[in-house]
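Raw data-v3.tsv, TSV, C-alpha atoms and all ligand atoms:
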```
chain	number	residue	atom	x	y	z
R	139	MET	CA	104.47	108.69	81.53
R	140	ASN	CA	100.98	107.20	81.89
R	141	ARG	CA	99.86	105.47	85.08
R	142	LYS	CA	100.34	101.93	83.82
R	143	GLN	CA	103.93	102.74	82.84
R	144	LEU	CA	104.45	104.38	86.21
R	145	ALA	CA	103.12	101.24	87.91
R	146	ALA	CA	105.39	99.00	85.82
R	147	ASN	CA	108.42	101.17	86.60
R	148	THR	CA	107.55	101.15	90.30
R	149	HIS	CA	107.42	97.36	90.28
R	150	GLN	CA	110.73	97.18	88.41
R	151	LEU	CA	112.58	99.63	90.66
R	152	LEU	CA	111.30	98.05	93.87
R	153	GLY	CA	112.21	94.63	92.54
R	154	ASP	CA	115.73	95.90	91.84
R	155	LYS	CA	116.03	97.15	95.42
R	156	TYR	CA	114.23	94.50	97.43
R	157	GLY	CA	114.05	91.52	95.09
R	158	LEU	CA	110.82	89.82	94.07
R	159	PRO	CA	109.09	87.95	96.89
R	160	THR	CA	107.80	84.63	95.62
R	161	TRP	CA	104.33	83.51	96.60
R	162	ARG	CA	104.11	81.12	99.51
R	163	PRO	CA	100.97	79.75	101.13
R	164	HIS	CA	99.87	81.64	104.21
R	165	LEU	CA	96.98	80.65	106.47
R	166	SER	CA	93.96	78.69	105.29
R	167	PRO	CA	91.36	80.95	103.64
R	168	VAL	CA	89.17	80.91	106.77
R	169	GLY	CA	92.22	81.52	108.96
R	170	GLU	CA	93.30	84.41	106.75
R	171	LEU	CA	89.82	85.92	106.93
R	172	VAL	CA	89.78	85.72	110.73
R	173	SER	CA	93.36	87.01	111.00
R	174	THR	CA	92.59	89.94	108.72
R	175	ILE	CA	89.49	90.90	110.70
R	176	LEU	CA	91.70	90.83	113.80
R	177	SER	CA	94.29	93.04	112.09
R	178	GLN	CA	91.97	96.01	111.67
R	179	ASN	CA	93.30	99.05	113.57
R	180	THR	CA	96.19	97.21	115.19
R	181	ASN	CA	99.71	96.06	114.36
R	182	ASP	CA	100.89	92.66	113.13
R	183	LYS	CA	102.26	91.64	116.53
R	184	ASN	CA	98.98	92.20	118.38
R	185	ARG	CA	97.04	90.55	115.56
R	186	ASP	CA	99.25	87.47	115.69
R	187	ARG	CA	99.03	87.21	119.48
R	188	ALA	CA	95.25	87.40	119.34
R	189	TYR	CA	95.08	84.84	116.53
R	190	ASP	CA	97.37	82.41	118.35
R	191	THR	CA	95.37	82.72	121.58
R	192	LEU	CA	92.12	82.19	119.68
R	193	ARG	CA	93.42	79.05	117.97
R	194	LYS	CA	94.72	77.61	121.25
R	195	LYS	CA	91.52	78.32	123.15
R	196	PHE	CA	89.12	76.99	120.51
R	197	LEU	CA	90.11	73.83	118.67
R	198	THR	CA	87.78	74.25	115.68
R	199	TRP	CA	86.15	77.09	113.77
R	200	GLU	CA	82.80	75.64	114.87
R	201	GLU	CA	83.82	76.26	118.48
R	202	VAL	CA	84.75	79.84	117.61
R	203	ARG	CA	81.42	80.32	115.84
R	204	ASP	CA	79.41	79.03	118.81
R	205	ALA	CA	81.49	80.49	121.65
R	206	PRO	CA	79.91	82.83	124.21
R	207	GLY	CA	80.71	86.40	123.16
R	208	ASN	CA	82.59	87.23	126.34
R	209	LEU	CA	84.91	84.22	126.01
R	210	LEU	CA	85.67	85.03	122.42
R	211	ALA	CA	86.30	88.70	123.24
R	212	GLU	CA	88.65	87.70	126.05
R	213	SER	CA	90.69	85.48	123.72
R	214	ILE	CA	91.21	88.20	121.10
R	215	LYS	CA	91.55	91.22	123.36
R	216	THR	CA	95.19	91.90	122.42
R	217	ALA	CA	93.96	92.89	118.93
R	218	GLY	CA	91.68	95.57	120.40
R	219	LEU	CA	88.03	96.29	119.49
R	220	ALA	CA	87.22	92.77	120.67
R	221	ASN	CA	83.52	93.57	121.04
R	222	GLN	CA	83.34	94.45	117.35
R	223	LYS	CA	85.79	91.93	115.94
R	224	GLY	CA	84.35	88.98	117.86
R	225	PRO	CA	80.80	89.42	116.47
R	226	ALA	CA	82.22	90.10	112.97
R	227	ILE	CA	84.16	86.82	113.09
R	228	GLN	CA	81.18	84.85	114.40
R	229	ASN	CA	78.84	86.42	111.86
R	230	ALA	CA	81.19	85.47	109.03
R	231	LEU	CA	81.55	81.90	110.32
R	232	ARG	CA	77.75	81.56	110.66
R	233	ILE	CA	77.10	82.78	107.14
R	234	ILE	CA	79.80	80.51	105.71
R	235	THR	CA	78.16	77.59	107.56
R	236	GLU	CA	74.68	78.51	106.31
R	237	GLU	CA	75.79	78.87	102.72
R	238	ARG	CA	78.28	76.02	102.52
R	239	GLY	CA	77.19	73.56	105.20
R	240	GLU	CA	80.71	73.66	106.60
R	241	ILE	CA	83.33	76.26	107.46
R	242	GLU	CA	85.60	76.49	104.43
R	243	LEU	CA	86.26	79.03	101.70
R	244	ASP	CA	88.11	76.95	99.12
R	245	PHE	CA	84.98	76.99	96.95
R	246	LEU	CA	85.92	80.60	96.09
R	247	ARG	CA	88.64	79.25	93.81
R	248	SER	CA	85.95	78.28	91.30
R	249	LYS	CA	84.79	81.91	91.01
R	250	THR	CA	86.41	84.84	89.27
R	251	SER	CA	88.36	87.16	91.51
R	252	GLN	CA	85.58	89.78	91.22
R	253	GLU	CA	82.87	87.26	92.12
R	254	ALA	CA	84.88	85.95	95.06
R	255	SER	CA	85.53	89.49	96.31
R	256	LEU	CA	81.82	90.30	96.09
R	257	TRP	CA	80.94	87.15	98.05
R	258	LEU	CA	83.38	88.05	100.81
R	259	THR	CA	82.45	91.72	101.03
R	260	ASN	CA	78.80	90.76	101.49
R	261	LEU	CA	79.87	89.47	104.92
R	262	LYS	CA	79.37	92.17	107.55
R	263	GLY	CA	82.69	93.58	108.71
R	264	VAL	CA	84.55	92.44	105.58
R	265	GLY	CA	85.69	95.26	103.32
R	266	PRO	CA	87.60	95.22	100.03
R	267	LYS	CA	91.01	95.10	101.71
R	268	THR	CA	90.16	92.06	103.81
R	269	ALA	CA	88.64	90.32	100.81
R	270	ALA	CA	91.68	91.06	98.65
R	271	ILE	CA	94.07	89.78	101.32
R	272	VAL	CA	92.17	86.49	101.62
R	273	LEU	CA	92.13	86.05	97.84
R	274	LEU	CA	95.76	87.00	97.23
R	275	PHE	CA	97.45	85.41	100.24
R	276	SER	CA	95.47	82.26	100.89
R	277	LEU	CA	93.88	81.42	97.55
R	278	ASP	CA	96.55	82.69	95.15
R	279	MET	CA	93.91	84.61	93.19
R	280	PRO	CA	94.55	87.96	91.51
R	281	ALA	CA	93.45	90.69	93.90
R	282	PHE	CA	95.16	93.89	94.96
R	283	PRO	CA	94.91	94.77	98.67
R	284	VAL	CA	95.26	98.48	99.41
R	285	ASP	CA	96.44	99.07	102.96
R	286	THR	CA	97.55	102.39	104.41
R	287	HIS	CA	101.10	102.11	102.98
R	288	VAL	CA	99.97	101.11	99.50
R	289	HIS	CA	97.37	103.88	99.46
R	290	ARG	CA	99.81	106.57	100.62
R	291	ILE	CA	102.69	105.60	98.32
R	292	THR	CA	100.64	105.13	95.15
R	293	GLY	CA	99.12	108.57	95.79
R	294	ARG	CA	102.52	110.18	96.24
R	295	ILE	CA	104.02	108.57	93.16
R	296	GLY	CA	100.96	109.43	91.09
R	297	ILE	CA	99.80	105.94	90.12
R	298	ARG	CA	96.27	106.82	91.23
R	299	PRO	CA	94.29	110.08	91.37
R	300	ASP	CA	95.29	112.04	94.45
R	301	LYS	CA	91.90	112.17	96.15
R	302	MET	CA	90.83	108.59	95.46
R	303	THR	CA	89.75	106.69	98.60
R	304	ALA	CA	91.41	103.40	99.57
R	305	ALA	CA	88.15	101.54	98.93
R	306	LYS	CA	87.97	102.81	95.36
R	307	ALA	CA	91.70	102.33	94.83
R	308	HIS	CA	91.38	98.53	95.01
R	309	THR	CA	89.79	98.24	91.59
R	310	TYR	CA	91.70	101.15	90.12
R	311	LEU	CA	95.17	99.96	91.15
R	312	ALA	CA	94.36	96.40	90.13
R	313	GLU	CA	94.03	97.80	86.61
R	314	GLN	CA	97.32	99.71	86.72
R	315	PHE	CA	99.53	96.79	87.83
R	316	LEU	CA	99.82	93.47	86.01
R	317	PRO	CA	98.05	90.66	87.92
R	318	ASP	CA	101.14	88.48	88.14
R	319	THR	CA	102.94	91.31	89.94
R	320	TYR	CA	100.27	91.92	92.64
R	321	TYR	CA	101.88	89.78	95.31
R	322	ALA	CA	105.40	91.17	94.89
R	323	ILE	CA	104.37	94.79	94.48
R	324	HIS	CA	102.04	94.64	97.48
R	325	LEU	CA	104.78	93.31	99.75
R	326	ASN	CA	107.47	95.62	98.34
R	327	LEU	CA	105.28	98.72	98.70
R	328	ILE	CA	104.59	97.84	102.34
R	329	ARG	CA	108.32	97.40	102.94
R	330	LEU	CA	109.03	100.75	101.27
R	331	GLY	CA	106.33	102.37	103.41
R	332	ARG	CA	107.82	101.04	106.62
R	333	GLU	CA	111.44	101.78	105.78
R	334	ILE	CA	111.51	104.83	103.48
R	335	CYS	CA	108.20	106.33	102.34
R	336	LYS	CA	106.94	106.92	105.86
R	337	ALA	CA	103.73	108.83	106.50
R	338	ARG	CA	105.64	111.70	108.05
R	339	GLN	CA	108.93	112.80	106.59
R	340	PRO	CA	109.51	110.30	103.79
R	341	LEU	CA	113.21	109.66	103.16
R	342	CYS	CA	113.05	110.63	99.50
R	343	GLN	CA	116.80	110.98	99.04
R	344	ASP	CA	117.19	107.27	99.80
R	345	CYS	CA	114.22	106.14	97.76
R	346	PRO	CA	114.64	104.05	94.60
R	347	LEU	CA	111.50	105.70	93.18
R	348	ASN	CA	112.53	109.34	93.49
R	349	LYS	CA	113.19	109.70	89.73
R	350	ILE	CA	109.59	108.83	88.90
R	351	CYS	CA	107.70	110.17	91.93
R	352	ASN	CA	105.34	113.15	91.61
R	353	TYR	CA	105.63	114.05	95.27
R	354	TYR	CA	109.42	114.22	95.06
R	355	LYS	CA	109.34	116.29	91.87
R	356	ASN	CA	106.91	118.77	93.40
R	357	GLU	CA	108.85	118.99	96.66
R	358	LYS	CA	112.08	119.73	94.79
R	359	ILE	CA	110.48	122.51	92.75
R	360	GLN	CA	109.16	124.33	95.81
Q	401	LIG	S1	110.36	109.64	96.45
Q	401	LIG	FE1	109.65	110.12	98.53
Q	401	LIG	S2	107.44	110.38	98.40
Q	401	LIG	FE2	108.13	109.35	96.52
Q	401	LIG	S3	107.85	107.17	96.94
Q	401	LIG	FE3	109.95	107.68	97.47
Q	401	LIG	S4	109.93	108.22	99.67
Q	401	LIG	FE4	107.82	108.23	98.91
```
Take the structure in this file and express it as C-alpha cells.
Amino acid sequence: MNRKQLAANTHQLLGDKYGLPTWRPHLSPVGELVSTILSQNTNDKNRDRAYDTLRKKFLTWEEVRDAPGNLLAESIKTAGLANQKGPAIQNALRIITEERGEIELDFLRSKTSQEASLWLTNLKGVGPKTAAIVLLFSLDMPAFPVDTHVHRITGRIGIRPDKMTAAKAHTYLAEQFLPDTYYAIHLNLIRLGREICKARQPLCQDCPLNKICNYYKNEKIQ
C-alpha cells in the first residue's frame, strides 16, 4: 500500500471509530495566533487560562501590543515561558500593525495557503505548526498542522518517512492526505494519540488502525 492509500485508509478507519468532526469557527485569526503561541510547551488548560486572563486584562490587541513587558508576562504566566511568549506576541502584533495598518489577519484569505503560511512563519516565534493552526482553524484554509501526536502516529503507521522532522512533515503530510480531510484527520489523530496511540505503551490491541500500521506489524513479528 502506498502512503497516500495508507493516509486515506487512516482517515476512513478513524472516521468509522470517532466520526467526522465538522469544521466550526474557532477564535479570530489574531486570537488563534496568540493562543497558539501561548500553547507552546504547555497543555490546553494552561493555555486557555493564560489566554482568558490576557483578554480580560487588555481590552484590545493594541493594548496587548503596547503593554509593558512585565504586565504582559504576569497575565500569561500560567502558560509558562512568559518572558519568551510575551515578546513573541508583541512582535507579531507590531509587525501586523506595520504591514496592515491595523491588527487583523483576514487579509490572508486572499492568498494561497502556501503564501499565507510563508507570511505567518516570517513572524519571529511563529513556526509551521502555529501557522497551519491559524490557517486551518480560524481561516478555514487548507493547511495540515503537525503536533506531537500527529507526528508520532503518522511515523508509527508509516504515512511519512520514519526520520522526518515535524517541521518537514507539514508539507509532506499535506500531500498524503486530501485537503478536505485535514480538519477531521487532524482532530481524530490527536484523539487517537491521547486515548490509544500514546507515546509510551500504545494500546495497539484496541486500535482501529492496527491492521494497517507498520509499528504494530513489526512489533508482532518480533
Ligand atoms: S496500531 Fe499501535 S502504534 Fe499503530 S497507530 Fe494504533 S496504537 Fe499506534
Q | Spatial neighbours of R:Ala230, 12 Å, all atoms listed in the file, chain gap at least 2 places, as a VMD selection string | A | chain R and resid 168 to 169 171 to 172 175 199 to 200 202 to 204 223 to 228 232 to 238 241 to 243 257 to 264
Q: Could you please extract the residues within 8 Å of ligand LIG 401 (chain Q), counting all atoms listed in the file, and hand them back as a ChimeraX atom specification?
A: /R:291-292,294-295,330-331,334-336,340-354
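Between R:Leu325 and the residues R:Ala211, R:Ile297, R:Ile271, R:Ala305, the shortest atom-to-atom distance, using all atoms listed in the file, involves R:Ile271.
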Q.
Please list as number ranges by chain every residue within 10 Å of R:Tyr156, counting all atoms listed in the file and excluding residues in the same chain fewer than 2 positions away.
A. R: 151-154, 158-159, 322, 325-327, 329-330, 346
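For the atom pair formed by atom CA of R:Asn181 and atom CA of R:Gln150, the distance is 28.2 Å, given to one decimal.
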